[in-house]
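Novice: The file below is start30.tsv, TSV, C-alpha atoms:
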```tsv
chain	number	residue	atom	x	y	z
X	107	MET	CA	143.95	126.87	182.55
X	108	GLN	CA	145.53	127.04	179.10
X	109	PRO	CA	149.08	125.60	179.03
X	110	LEU	CA	151.79	128.09	178.16
X	111	VAL	CA	153.77	125.26	176.54
X	112	ARG	CA	152.22	122.08	175.14
X	113	VAL	CA	154.37	119.32	173.64
X	114	GLN	CA	152.53	116.32	172.19
X	115	GLY	CA	154.33	113.25	170.89
X	116	VAL	CA	157.40	115.14	169.70
X	117	SER	CA	160.18	113.19	168.01
X	118	LYS	CA	163.27	114.41	166.21
X	119	PHE	CA	165.22	112.30	163.73
X	120	TYR	CA	168.51	113.30	162.11
X	121	PRO	CA	169.35	111.30	158.94
X	122	ARG	CA	172.92	110.16	158.44
X	123	VAL	CA	174.49	112.25	155.65
X	124	HIS	CA	178.23	111.83	156.09
X	125	ARG	CA	178.81	110.00	152.80
X	126	PRO	CA	177.46	110.78	149.31
X	127	GLY	CA	175.37	107.59	149.27
X	128	GLU	CA	173.82	108.43	152.61
X	129	ARG	CA	172.94	111.94	151.44
X	130	LEU	CA	171.36	110.52	148.29
X	131	ARG	CA	169.24	108.02	150.23
X	132	ALA	CA	168.19	110.72	152.73
X	133	PHE	CA	167.17	113.03	149.86
X	134	ALA	CA	165.22	110.20	148.21
X	135	ALA	CA	163.38	109.59	151.49
X	136	VAL	CA	162.40	113.28	151.66
X	137	LEU	CA	161.09	113.17	148.09
X	138	ALA	CA	159.11	110.03	148.91
X	139	GLY	CA	157.61	111.68	152.00
X	140	ARG	CA	159.01	109.17	154.46
X	141	GLN	CA	161.67	109.15	157.15
X	142	SER	CA	165.15	107.95	156.32
X	143	ARG	CA	166.06	104.58	157.81
X	144	GLU	CA	169.64	105.63	158.52
X	145	GLY	CA	170.34	108.11	161.27
X	146	ALA	CA	169.67	108.90	164.91
X	147	GLU	CA	166.43	109.63	166.71
X	148	VAL	CA	167.42	112.12	169.41
X	149	LEU	CA	163.87	112.66	170.71
X	150	HIS	CA	161.13	110.02	170.82
X	151	ASP	CA	157.49	110.68	171.66
X	152	VAL	CA	158.03	113.38	174.30
X	153	SER	CA	154.89	114.97	175.74
X	154	LEU	CA	154.48	117.58	178.47
X	155	ASP	CA	152.43	120.59	179.51
X	156	VAL	CA	153.86	123.64	181.27
X	157	TYR	CA	151.38	126.11	182.75
X	158	PRO	CA	151.88	129.83	183.44
X	159	GLY	CA	153.87	130.39	186.62
X	160	GLN	CA	155.48	126.95	186.60
X	161	SER	CA	159.21	126.27	186.51
X	162	LEU	CA	160.50	123.10	184.84
X	163	GLY	CA	164.01	121.69	185.02
X	164	ILE	CA	165.10	119.39	182.20
X	165	ILE	CA	167.81	116.96	183.28
X	166	GLY	CA	169.67	114.02	181.80
X	167	GLU	CA	173.14	112.95	180.77
X	168	ASN	CA	174.94	114.44	177.78
X	169	GLY	CA	173.25	113.39	174.55
X	170	ALA	CA	169.88	112.73	176.19
X	171	GLY	CA	168.08	115.24	173.94
X	172	LYS	CA	167.72	118.17	176.35
X	173	SER	CA	169.11	120.88	174.09
X	174	THR	CA	167.27	119.46	171.10
X	175	LEU	CA	163.98	119.72	172.98
X	176	LEU	CA	164.66	123.38	173.80
X	177	LYS	CA	165.50	124.11	170.17
X	178	VAL	CA	162.21	122.53	169.13
X	179	LEU	CA	160.35	124.63	171.70
X	180	THR	CA	161.95	127.86	170.48
X	181	GLY	CA	161.43	127.08	166.80
X	182	VAL	CA	165.14	126.80	165.99
X	183	ILE	CA	164.44	123.35	164.54
X	184	SER	CA	161.21	121.60	163.58
X	185	PRO	CA	160.15	118.26	165.06
X	186	SER	CA	160.09	115.22	162.80
X	187	ARG	CA	156.78	114.19	164.39
X	188	GLY	CA	154.45	115.67	166.94
X	189	ASP	CA	153.10	119.10	167.76
X	190	VAL	CA	154.48	122.04	169.78
X	191	GLN	CA	152.47	125.03	171.00
X	192	VAL	CA	154.05	127.97	172.82
X	193	ASN	CA	151.80	130.86	173.86
X	194	GLY	CA	153.48	133.99	175.20
X	195	ARG	CA	156.56	136.15	174.87
X	196	VAL	CA	159.63	133.92	174.84
X	197	ALA	CA	163.27	134.75	175.55
X	198	ALA	CA	165.87	132.05	175.13
X	199	LEU	CA	169.54	131.59	175.98
X	200	LEU	CA	170.33	128.34	174.23
X	201	GLU	CA	173.97	128.48	173.20
X	202	LEU	CA	176.93	130.56	174.22
X	203	GLY	CA	177.05	133.60	171.93
X	204	ALA	CA	173.96	132.63	169.94
X	205	GLY	CA	172.69	135.68	168.05
X	206	PHE	CA	175.88	137.68	168.60
X	207	GLN	CA	178.06	138.82	165.72
X	208	PRO	CA	181.70	138.42	166.81
X	209	GLU	CA	183.00	141.28	164.65
X	210	PHE	CA	180.55	143.80	166.11
X	211	SER	CA	180.92	145.57	169.43
X	212	GLY	CA	178.99	144.55	172.52
X	213	ILE	CA	176.75	147.63	172.34
X	214	ASP	CA	175.90	146.91	168.69
X	215	ASN	CA	175.08	143.31	169.58
X	216	VAL	CA	172.86	144.50	172.42
X	217	ARG	CA	170.83	146.56	169.96
X	218	MET	CA	170.51	143.66	167.50
X	219	LYS	CA	169.56	141.10	170.15
X	220	ALA	CA	167.04	143.47	171.70
X	221	ALA	CA	165.41	143.93	168.30
X	222	LEU	CA	165.26	140.15	167.81
X	223	LEU	CA	163.54	139.87	171.19
X	224	GLY	CA	160.88	142.36	170.07
X	225	MET	CA	162.06	145.46	171.93
X	226	SER	CA	161.54	148.78	170.18
X	227	ALA	CA	164.30	151.38	169.90
X	228	ARG	CA	162.52	153.53	172.47
X	229	GLN	CA	162.26	150.63	174.93
X	230	LEU	CA	165.93	149.82	174.47
X	231	ASP	CA	167.01	153.43	175.04
X	232	ARG	CA	165.00	153.47	178.25
X	233	LYS	CA	166.58	150.22	179.50
X	234	LEU	CA	170.08	150.44	178.05
X	235	ASP	CA	171.66	151.72	181.28
X	236	ASP	CA	170.06	148.85	183.23
X	237	ILE	CA	171.31	146.33	180.68
X	238	LEU	CA	174.89	147.60	180.87
X	239	ALA	CA	174.76	147.72	184.66
X	240	PHE	CA	173.49	144.14	184.82
X	241	ALA	CA	176.18	142.90	182.40
X	242	ASP	CA	178.86	144.85	184.30
X	243	ILE	CA	181.62	144.41	181.72
X	244	GLY	CA	182.77	148.03	181.74
X	245	ASP	CA	184.35	149.52	178.63
X	246	TYR	CA	184.53	146.09	177.01
X	247	VAL	CA	181.02	146.80	175.78
X	248	TYR	CA	182.64	148.93	173.06
X	249	GLU	CA	185.04	146.12	172.00
X	250	PRO	CA	184.24	143.42	169.40
X	251	VAL	CA	182.54	140.40	170.94
X	252	LYS	CA	185.25	138.13	169.52
X	253	HIS	CA	187.56	139.55	172.21
X	254	TYR	CA	185.17	138.52	175.02
X	255	SER	CA	185.58	135.62	177.38
X	256	SER	CA	182.75	133.07	177.54
X	257	GLY	CA	181.61	134.57	180.83
X	258	MET	CA	181.40	138.08	179.37
X	259	VAL	CA	179.28	136.81	176.48
X	260	VAL	CA	176.84	135.21	178.92
X	261	ARG	CA	176.72	138.39	180.99
X	262	LEU	CA	175.76	140.45	177.97
X	263	GLY	CA	173.22	137.95	176.64
X	264	PHE	CA	171.51	137.45	179.99
X	265	ALA	CA	171.39	141.20	180.59
X	266	VAL	CA	169.46	141.76	177.35
X	267	VAL	CA	167.10	138.87	178.07
X	268	SER	CA	166.40	140.17	181.58
X	269	ALA	CA	165.38	143.55	180.13
X	270	SER	CA	163.03	142.09	177.49
X	271	GLU	CA	160.37	141.17	180.09
X	272	PRO	CA	159.51	137.71	178.72
X	273	GLU	CA	156.65	135.55	179.97
X	274	LEU	CA	158.68	132.40	179.31
X	275	LEU	CA	162.44	132.16	179.85
X	276	ILE	CA	164.29	129.19	178.32
X	277	THR	CA	167.92	128.62	179.33
X	278	ASP	CA	170.38	125.88	178.44
X	279	GLU	CA	173.22	125.58	180.99
X	280	VAL	CA	174.33	129.14	180.33
X	281	LEU	CA	174.98	129.94	184.00
X	282	ALA	CA	177.65	127.24	184.19
X	283	VAL	CA	180.26	129.53	182.59
X	284	GLY	CA	179.54	132.62	184.67
X	285	ASP	CA	181.54	133.54	187.76
X	286	GLU	CA	180.02	133.06	191.19
X	287	SER	CA	178.90	136.65	191.72
X	288	PHE	CA	177.16	136.78	188.35
X	289	GLN	CA	175.51	133.40	188.95
X	290	LYS	CA	174.09	134.74	192.20
X	291	LYS	CA	172.84	137.86	190.41
X	292	CYS	CA	171.12	135.71	187.76
X	293	ILE	CA	169.58	133.41	190.34
X	294	ARG	CA	168.15	136.40	192.24
X	295	TRP	CA	166.73	137.74	188.99
X	296	ILE	CA	165.17	134.37	188.09
X	297	GLU	CA	163.63	134.03	191.56
X	298	ASN	CA	162.07	137.49	191.20
X	299	PHE	CA	161.00	136.58	187.64
X	300	LEU	CA	159.16	133.52	188.98
X	301	GLU	CA	157.62	135.43	191.90
X	302	GLN	CA	155.96	137.70	189.34
X	303	GLY	CA	154.11	134.69	187.89
X	304	ASN	CA	156.35	134.04	184.90
X	305	THR	CA	157.50	130.68	183.58
X	306	LEU	CA	160.94	129.03	183.38
X	307	LEU	CA	162.27	126.10	181.36
X	308	MET	CA	165.84	125.33	182.33
X	309	VAL	CA	168.37	122.70	181.27
X	310	SER	CA	171.04	122.13	183.90
X	311	HIS	CA	173.41	119.46	185.18
X	312	SER	CA	173.30	121.09	188.61
X	313	MET	CA	170.67	119.35	190.70
X	314	TYR	CA	171.12	122.10	193.29
X	315	LEU	CA	169.98	124.75	190.80
X	316	VAL	CA	167.14	122.57	189.53
X	317	GLN	CA	165.85	121.94	193.05
X	318	LYS	CA	166.29	125.60	194.02
X	319	LEU	CA	164.57	127.15	191.01
X	320	CYS	CA	162.17	124.52	189.65
X	321	GLN	CA	158.90	123.05	190.84
X	322	ARG	CA	158.90	120.14	188.39
X	323	ALA	CA	161.51	118.16	186.50
X	324	LEU	CA	161.69	116.19	183.27
X	325	TRP	CA	164.34	113.46	183.09
X	326	LEU	CA	165.26	112.57	179.52
X	327	GLN	CA	167.22	109.42	178.76
X	328	GLN	CA	168.24	108.56	175.20
X	329	GLY	CA	165.63	110.96	173.89
X	330	ARG	CA	162.75	109.44	175.88
X	331	THR	CA	160.94	110.58	178.99
X	332	ARG	CA	162.32	108.58	181.91
X	333	GLU	CA	160.48	110.47	184.66
X	334	PHE	CA	158.34	113.60	184.81
X	335	GLY	CA	156.90	115.06	187.99
X	336	ASP	CA	157.72	116.95	191.17
X	337	VAL	CA	161.32	118.11	191.24
X	338	PHE	CA	162.54	116.33	194.38
X	339	PRO	CA	161.68	112.67	193.58
X	340	VAL	CA	162.78	113.06	189.95
X	341	THR	CA	166.16	114.62	190.77
X	342	GLN	CA	166.79	112.14	193.58
X	343	ALA	CA	166.06	109.24	191.22
X	344	TYR	CA	168.41	110.76	188.64
X	345	LEU	CA	171.25	111.06	191.16
X	346	ALA	CA	170.73	107.47	192.27
X	347	TRP	CA	170.86	106.31	188.65
X	348	HIS	CA	174.11	108.18	188.11
X	349	GLU	CA	175.67	106.36	191.04
X	350	GLU	CA	174.65	103.07	189.45
X	351	LYS	CA	176.24	104.19	186.19
X	352	ASN	CA	179.54	105.08	187.79
X	353	ALA	CA	181.51	102.16	186.42
X	354	SER	CA	184.85	103.22	187.86
X	355	GLU	CA	183.41	103.31	191.35
X	356	ARG	CA	181.93	99.85	190.90
X	357	ARG	CA	185.28	98.53	189.67
X	358	HIS	CA	186.93	99.98	192.75
X	359	ARG	CA	184.41	98.23	195.00
X	360	ARG	CA	184.81	94.92	193.18
X	361	GLY	CA	188.57	95.13	193.69
X	362	GLN	CA	188.01	95.27	197.44
X	363	GLU	CA	185.39	92.54	197.66
X	364	GLY	CA	185.40	88.78	197.63
X	365	ALA	CA	187.62	85.91	198.64
X	366	GLY	CA	190.79	87.91	198.11
X	367	GLY	CA	190.25	89.60	201.46
X	368	HIS	CA	191.97	88.07	204.48
X	369	TYR	CA	189.26	89.22	206.81
X	370	ARG	CA	185.97	89.24	204.90
X	371	VAL	CA	182.44	90.60	205.05
X	372	ALA	CA	180.29	87.51	205.46
X	373	GLY	CA	177.02	89.40	205.75
X	374	PHE	CA	175.74	92.95	205.67
X	375	CYS	CA	172.12	94.06	206.03
X	376	LEU	CA	169.85	96.90	207.08
X	377	PRO	CA	167.05	95.63	209.33
X	378	GLY	CA	163.71	96.66	207.86
X	379	GLN	CA	164.92	96.81	204.26
X	380	PRO	CA	162.23	95.46	201.87
X	381	PRO	CA	163.37	92.37	199.94
X	382	GLY	CA	164.70	93.40	196.56
X	383	ASP	CA	164.23	97.15	197.16
X	384	ASP	CA	166.33	99.95	198.58
X	385	LEU	CA	165.53	101.13	202.07
X	386	VAL	CA	163.77	104.51	202.12
X	387	LEU	CA	164.00	106.57	205.31
X	388	ALA	CA	162.24	109.76	206.23
X	389	VAL	CA	164.43	112.66	207.28
X	390	GLY	CA	165.40	112.25	210.93
X	391	SER	CA	164.75	108.49	211.13
X	392	ASP	CA	167.10	105.98	212.73
X	393	LEU	CA	169.36	103.88	210.51
X	394	GLU	CA	170.46	100.45	211.75
X	395	ALA	CA	173.03	98.17	210.16
X	396	GLU	CA	174.29	94.69	210.96
X	397	LEU	CA	177.72	93.54	209.79
X	398	LEU	CA	178.98	89.95	209.99
X	399	LEU	CA	182.75	89.60	209.56
X	400	TYR	CA	184.84	86.48	208.97
X	401	SER	CA	188.16	86.10	210.78
X	402	PRO	CA	190.49	83.34	209.51
X	403	ASP	CA	192.46	83.17	212.76
X	404	GLY	CA	189.62	83.65	215.22
X	405	GLU	CA	190.88	87.07	216.33
X	406	PRO	CA	188.08	89.64	216.57
X	407	PRO	CA	188.36	91.91	213.52
X	408	VAL	CA	187.68	95.64	213.43
X	409	ALA	CA	184.57	96.87	211.66
X	410	LEU	CA	184.55	100.17	209.79
X	411	VAL	CA	181.18	101.64	208.78
X	412	GLY	CA	180.87	104.66	206.51
X	413	LEU	CA	178.16	106.71	204.83
X	414	VAL	CA	178.66	108.21	201.36
X	415	ARG	CA	176.47	110.33	199.11
X	416	ALA	CA	175.28	108.95	195.75
X	417	ASP	CA	178.17	110.66	193.93
X	418	GLY	CA	180.72	109.03	196.26
X	419	THR	CA	181.30	112.04	198.54
X	420	PRO	CA	182.19	110.78	202.04
X	421	VAL	CA	179.77	111.85	204.75
X	422	TYR	CA	180.87	110.03	207.89
X	423	GLY	CA	182.86	107.02	209.01
X	424	VAL	CA	183.52	105.29	212.31
X	425	ALA	CA	185.44	102.17	213.33
X	426	SER	CA	184.43	99.82	216.10
X	427	ASP	CA	187.75	100.22	217.91
X	428	PHE	CA	187.23	104.00	218.08
X	429	ASP	CA	184.47	103.44	220.60
X	430	GLY	CA	185.93	100.32	222.21
X	431	ASN	CA	183.04	98.21	220.92
X	432	ALA	CA	183.38	94.45	221.31
X	433	PRO	CA	181.55	92.37	218.68
X	434	GLU	CA	179.25	89.43	219.33
X	435	GLN	CA	181.11	86.19	218.54
X	436	VAL	CA	178.79	83.97	216.51
X	437	ASP	CA	181.23	81.07	216.18
X	438	GLU	CA	184.99	80.57	216.09
X	439	GLN	CA	185.48	82.61	212.93
X	440	HIS	CA	182.46	84.93	212.65
X	441	PHE	CA	181.77	88.15	214.56
X	442	ARG	CA	178.65	90.29	214.42
X	443	PHE	CA	178.62	94.09	214.74
X	444	ARG	CA	175.47	96.18	215.14
X	445	ILE	CA	175.31	99.95	214.81
X	446	ARG	CA	172.51	102.48	214.96
X	447	PHE	CA	172.68	106.06	213.69
X	448	GLU	CA	170.00	107.82	215.71
X	449	ARG	CA	167.92	110.61	214.15
X	450	LEU	CA	170.00	110.49	210.99
X	451	PRO	CA	170.65	114.14	210.00
X	452	LEU	CA	171.16	113.48	206.28
X	453	LEU	CA	169.37	115.75	203.81
X	454	PRO	CA	167.04	114.13	201.24
X	455	GLY	CA	168.86	112.22	198.53
X	456	SER	CA	170.48	108.90	197.67
X	457	TYR	CA	173.24	107.43	199.78
X	458	SER	CA	175.14	104.23	200.47
X	459	ILE	CA	176.31	102.66	203.69
X	460	ARG	CA	179.56	100.74	203.44
X	461	GLY	CA	180.75	98.03	205.77
X	462	HIS	CA	184.48	97.25	205.81
X	463	ALA	CA	186.38	94.34	207.33
X	464	MET	CA	189.72	95.27	208.87
X	465	ASP	CA	192.34	93.15	210.57
X	466	ALA	CA	192.42	92.72	214.33
X	467	ALA	CA	194.79	95.66	214.74
X	468	GLY	CA	192.57	97.95	212.66
X	469	LEU	CA	195.46	98.77	210.30
X	470	ARG	CA	194.55	97.03	207.04
X	471	LEU	CA	191.32	97.22	205.04
X	472	CYS	CA	190.57	93.74	203.69
X	473	ASP	CA	187.03	93.65	202.31
X	474	THR	CA	184.08	95.91	201.58
X	475	ALA	CA	180.32	95.57	201.12
X	476	GLU	CA	177.83	98.28	200.28
X	477	ILE	CA	174.07	98.83	200.52
X	478	ARG	CA	172.17	101.69	198.92
X	479	PHE	CA	169.42	103.58	200.69
X	480	SER	CA	167.67	106.91	200.26
X	481	VAL	CA	166.37	109.66	202.50
X	482	SER	CA	163.02	111.08	201.44
X	483	GLY	CA	161.56	114.50	202.04
X	484	GLU	CA	161.62	118.05	200.73
X	485	SER	CA	164.38	120.44	201.68
X	486	ARG	CA	166.09	123.46	200.15
X	487	GLU	CA	168.93	123.33	202.64
X	488	LEU	CA	172.44	122.94	201.26
X	489	GLY	CA	175.14	120.39	201.88
X	490	LEU	CA	174.96	116.83	203.19
X	491	VAL	CA	173.49	117.01	206.67
X	492	ARG	CA	170.94	119.02	208.55
X	493	LEU	CA	172.41	120.84	211.56
X	494	GLN	CA	170.18	121.87	214.42
X	495	HIS	CA	169.86	125.64	214.31
X	496	ARG	CA	167.81	128.61	215.42
X	497	TRP	CA	167.57	132.05	213.83
X	498	LEU	CA	168.20	134.66	216.50
X	499	GLY	CA	166.67	138.08	216.86
X	500	GLY	CA	163.39	137.35	215.04
X	501	PRO	CA	159.89	136.52	216.26
X	502	ALA	CA	160.23	132.86	215.27
X	503	GLY	CA	163.06	130.36	214.95
X	504	ARG	CA	163.51	126.83	213.75
X	505	ASP	CA	165.34	124.01	215.51
```
Go ahead and express the file in the form of structure tokens.

Specialist:
Amino acid sequence: MQPLVRVQGVSKFYPRVHRPGERLRAFAAVLAGRQSREGAEVLHDVSLDVYPGQSLGIIGENGAGKSTLLKVLTGVISPSRGDVQVNGRVAALLELGAGFQPEFSGIDNVRMKAALLGMSARQLDRKLDDILAFADIGDYVYEPVKHYSSGMVVRLGFAVVSASEPELLITDEVLAVGDESFQKKCIRWIENFLEQGNTLLMVSHSMYLVQKLCQRALWLQQGRTREFGDVFPVTQAYLAWHEEKNASERRHRRGQEGAGGHYRVAGFCLPGQPPGDDLVLAVGSDLEAELLLYSPDGEPPVALVGLVRADGTPVYGVASDFDGNAPEQVDEQHFRFRIRFERLPLLPGSYSIRGHAMDAAGLRLCDTAEIRFSVSGESRELGLVRLQHRWLGGPAGRD
């Protein structure tokens, strides 16, 4: 099958031209047919194929090169190196208000954007009512676009794109500024668009949207391909990396760790964890943890164990004194706690389990340790945990 989009070894370099000397050197490099030595390479040797009917989510932190890649794909900018081939009718929503003239009314901008997307006047007249109904901005359509809110601009732009019947839709985080009802309308349209065998390239910081709408994902980091493949493992790896990068969270943990604690965590482990690697559990597996706490006065401390998502969202926590659990006394000053979470109901993703040392009365948190683990599997369910459920009234249900 012929790829709809083929990107081969694409790089994009922006020369530094802030000062007169830099502009002169950049111009001399152009005349000499070589690349300037001063500047920033925002894309480096990116290659990918996207076939008809596929949906690809492009993810990465700010400045990773996502928007630049989309601009290269749509021909807004040319790559410094490499080759790009796009076969098919393309509609793009790259920047808020791109292609709109702020002094013109919404209806005039609809006509101009439709013409740019290749729609004839007859086609537009036939679809104009549908476009205005989809945008749903009322009489504002007759007002200059400069009076619009960001959400109204997106409504109008997406409405025109939806009527142009593209084979390939390229979007860059445009749904982030729409209200919830319009986001739902756009998502329903995109799902129907994909069901008809069309193709989607989408940049988003929402891993929920990427997992919901995309089959594959490309993770860009500093302009380079970090991972490219099926959407679930790529997005889960990206979320885990973000947790690692969260410096403020790490500083918070370091402030709670170490010899400064009165009661301390002397050991914390997950039985079955591979040496040097994170523990990976299948959905519904048991999770066991063992916590060794130090008590300076020989009084049995209280253990607190909690689960958090990769972004720090609390999932569940329980203290040993809640259940009246008595620890195993290893020696005069060390006490061992064991806990098992049976048939762990967490949805696929990256998580951490935290073990806390509390005083004997369970009133003061003294020390903390943390171990990362992940839950593997494919799921389009929402939230943190899977709840047992059954759909009623149909021929089949699911527990």

Novice: Find the residues near His440 of chain X: any atom within 9 Å, counting all atoms listed in the file, skip ones fewer than 5 places away on the same chain, and give them as a PDB file with C-alpha atoms, in the frame of the given file.

Specialist:
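Written file, around07.pdb:
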```
ATOM      1  CA  ALA X 372     180.290  87.510 205.460  1.00  0.00           C
ATOM      2  CA  LEU X 398     178.980  89.950 209.990  1.00  0.00           C
ATOM      3  CA  LEU X 399     182.750  89.600 209.560  1.00  0.00           C
ATOM      4  CA  TYR X 400     184.840  86.480 208.970  1.00  0.00           C
ATOM      5  CA  SER X 401     188.160  86.100 210.780  1.00  0.00           C
ATOM      6  CA  PRO X 402     190.490  83.340 209.510  1.00  0.00           C
ATOM      7  CA  GLY X 404     189.620  83.650 215.220  1.00  0.00           C
ATOM      8  CA  PRO X 406     188.080  89.640 216.570  1.00  0.00           C
ATOM      9  CA  GLU X 434     179.250  89.430 219.330  1.00  0.00           C
ATOM     10  CA  GLN X 435     181.110  86.190 218.540  1.00  0.00           C
TER      11      GLN X 435
END
```

Novice: So, counting all atoms listed in the file, which residue among X:Leu234, X:Leu175, X:Ala241, X:Val156 is closest to Leu200 of chain X?

Specialist: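 Smallest distance to Leu200 of chain X is found for X:Leu175.
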
Novice: Would you pick out the contacts of Ile296 of chain X at 9 Å or less, using all atoms listed in the file, so that residues sharing its chain but fewer than 3 positions from it are not included, and give the list as a PyMOL selection string?

Specialist: chain X and resi 268+275+291-293+299-301+306+319

Novice: Can you tell me, as a VMD selection string, what residues are no more than 10 Å from Val386 of chain X when counting all atoms listed in the file, ignoring any on the same chain fewer than 3 positions away?

Specialist: chain X and resid 378 to 380 383 389 391 455 to 456 478 to 482

Novice: Any idea what's packed within 9 Å of Arg444 of chain X, counting all atoms listed in the file, ignoring anything in its chain fewer than 3 positions away? Could you give it as a compact mmCIF listing (two decimals) with C-alpha atoms, in the coordinates of the input?

Specialist:
```txt
# COMPACT_ATOMS: atom_id res chain seq x y z
CA GLU X 394 170.46 100.45 211.75
CA ALA X 395 173.03 98.17 210.16
CA GLU X 396 174.29 94.69 210.96
CA LEU X 397 177.72 93.54 209.79
CA LEU X 398 178.98 89.95 209.99
CA PRO X 433 181.55 92.37 218.68
CA GLU X 434 179.25 89.43 219.33
```

Novice: Rounded to one decimal place, report the atom CA of Val116 of chain X-atom CA of Glu333 of chain X distance in Å.

Specialist: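 Pair atom CA of Val116 of chain X / atom CA of Glu333 of chain X returns 16.0 Å.
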
Novice: Measuring atom to atom with all atoms listed in the file, identify which of X:Met313, X:Val247, X:Leu154, X:Ala432 is nearest to Asp417 of chain X.

Specialist: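 Under the stated criterion, the closest residue is X:Met313.
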
Novice: Do you know which residues are at most 8 Å from Glu249 of chain X counting all atoms listed in the file, after dropping those on the same chain fewer than 4 positions away, and could you put them as an mmCIF file with C-alpha atoms, keeping the file's coordinate frame?

Specialist:
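Once written, selection-v3.cif looks like this:
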```
data_model
loop_
_atom_site.group_PDB
_atom_site.id
_atom_site.type_symbol
_atom_site.label_atom_id
_atom_site.label_comp_id
_atom_site.auth_asym_id
_atom_site.auth_seq_id
_atom_site.Cartn_x
_atom_site.Cartn_y
_atom_site.Cartn_z
ATOM 1 C CA PHE X 210 180.550 143.800 166.110
ATOM 2 C CA SER X 211 180.920 145.570 169.430
ATOM 3 C CA GLY X 212 178.990 144.550 172.520
ATOM 4 C CA ASP X 245 184.350 149.520 178.630
ATOM 5 C CA HIS X 253 187.560 139.550 172.210
#
```

Novice: Select, from X:Val491, X:Val251, X:Leu471, X:Val196, the residue with the minimum atom-to-atom distance to Pro272 of chain X, counting only C-alpha atoms.

Specialist: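 The answer is X:Val196, which sits nearest to Pro272 of chain X.
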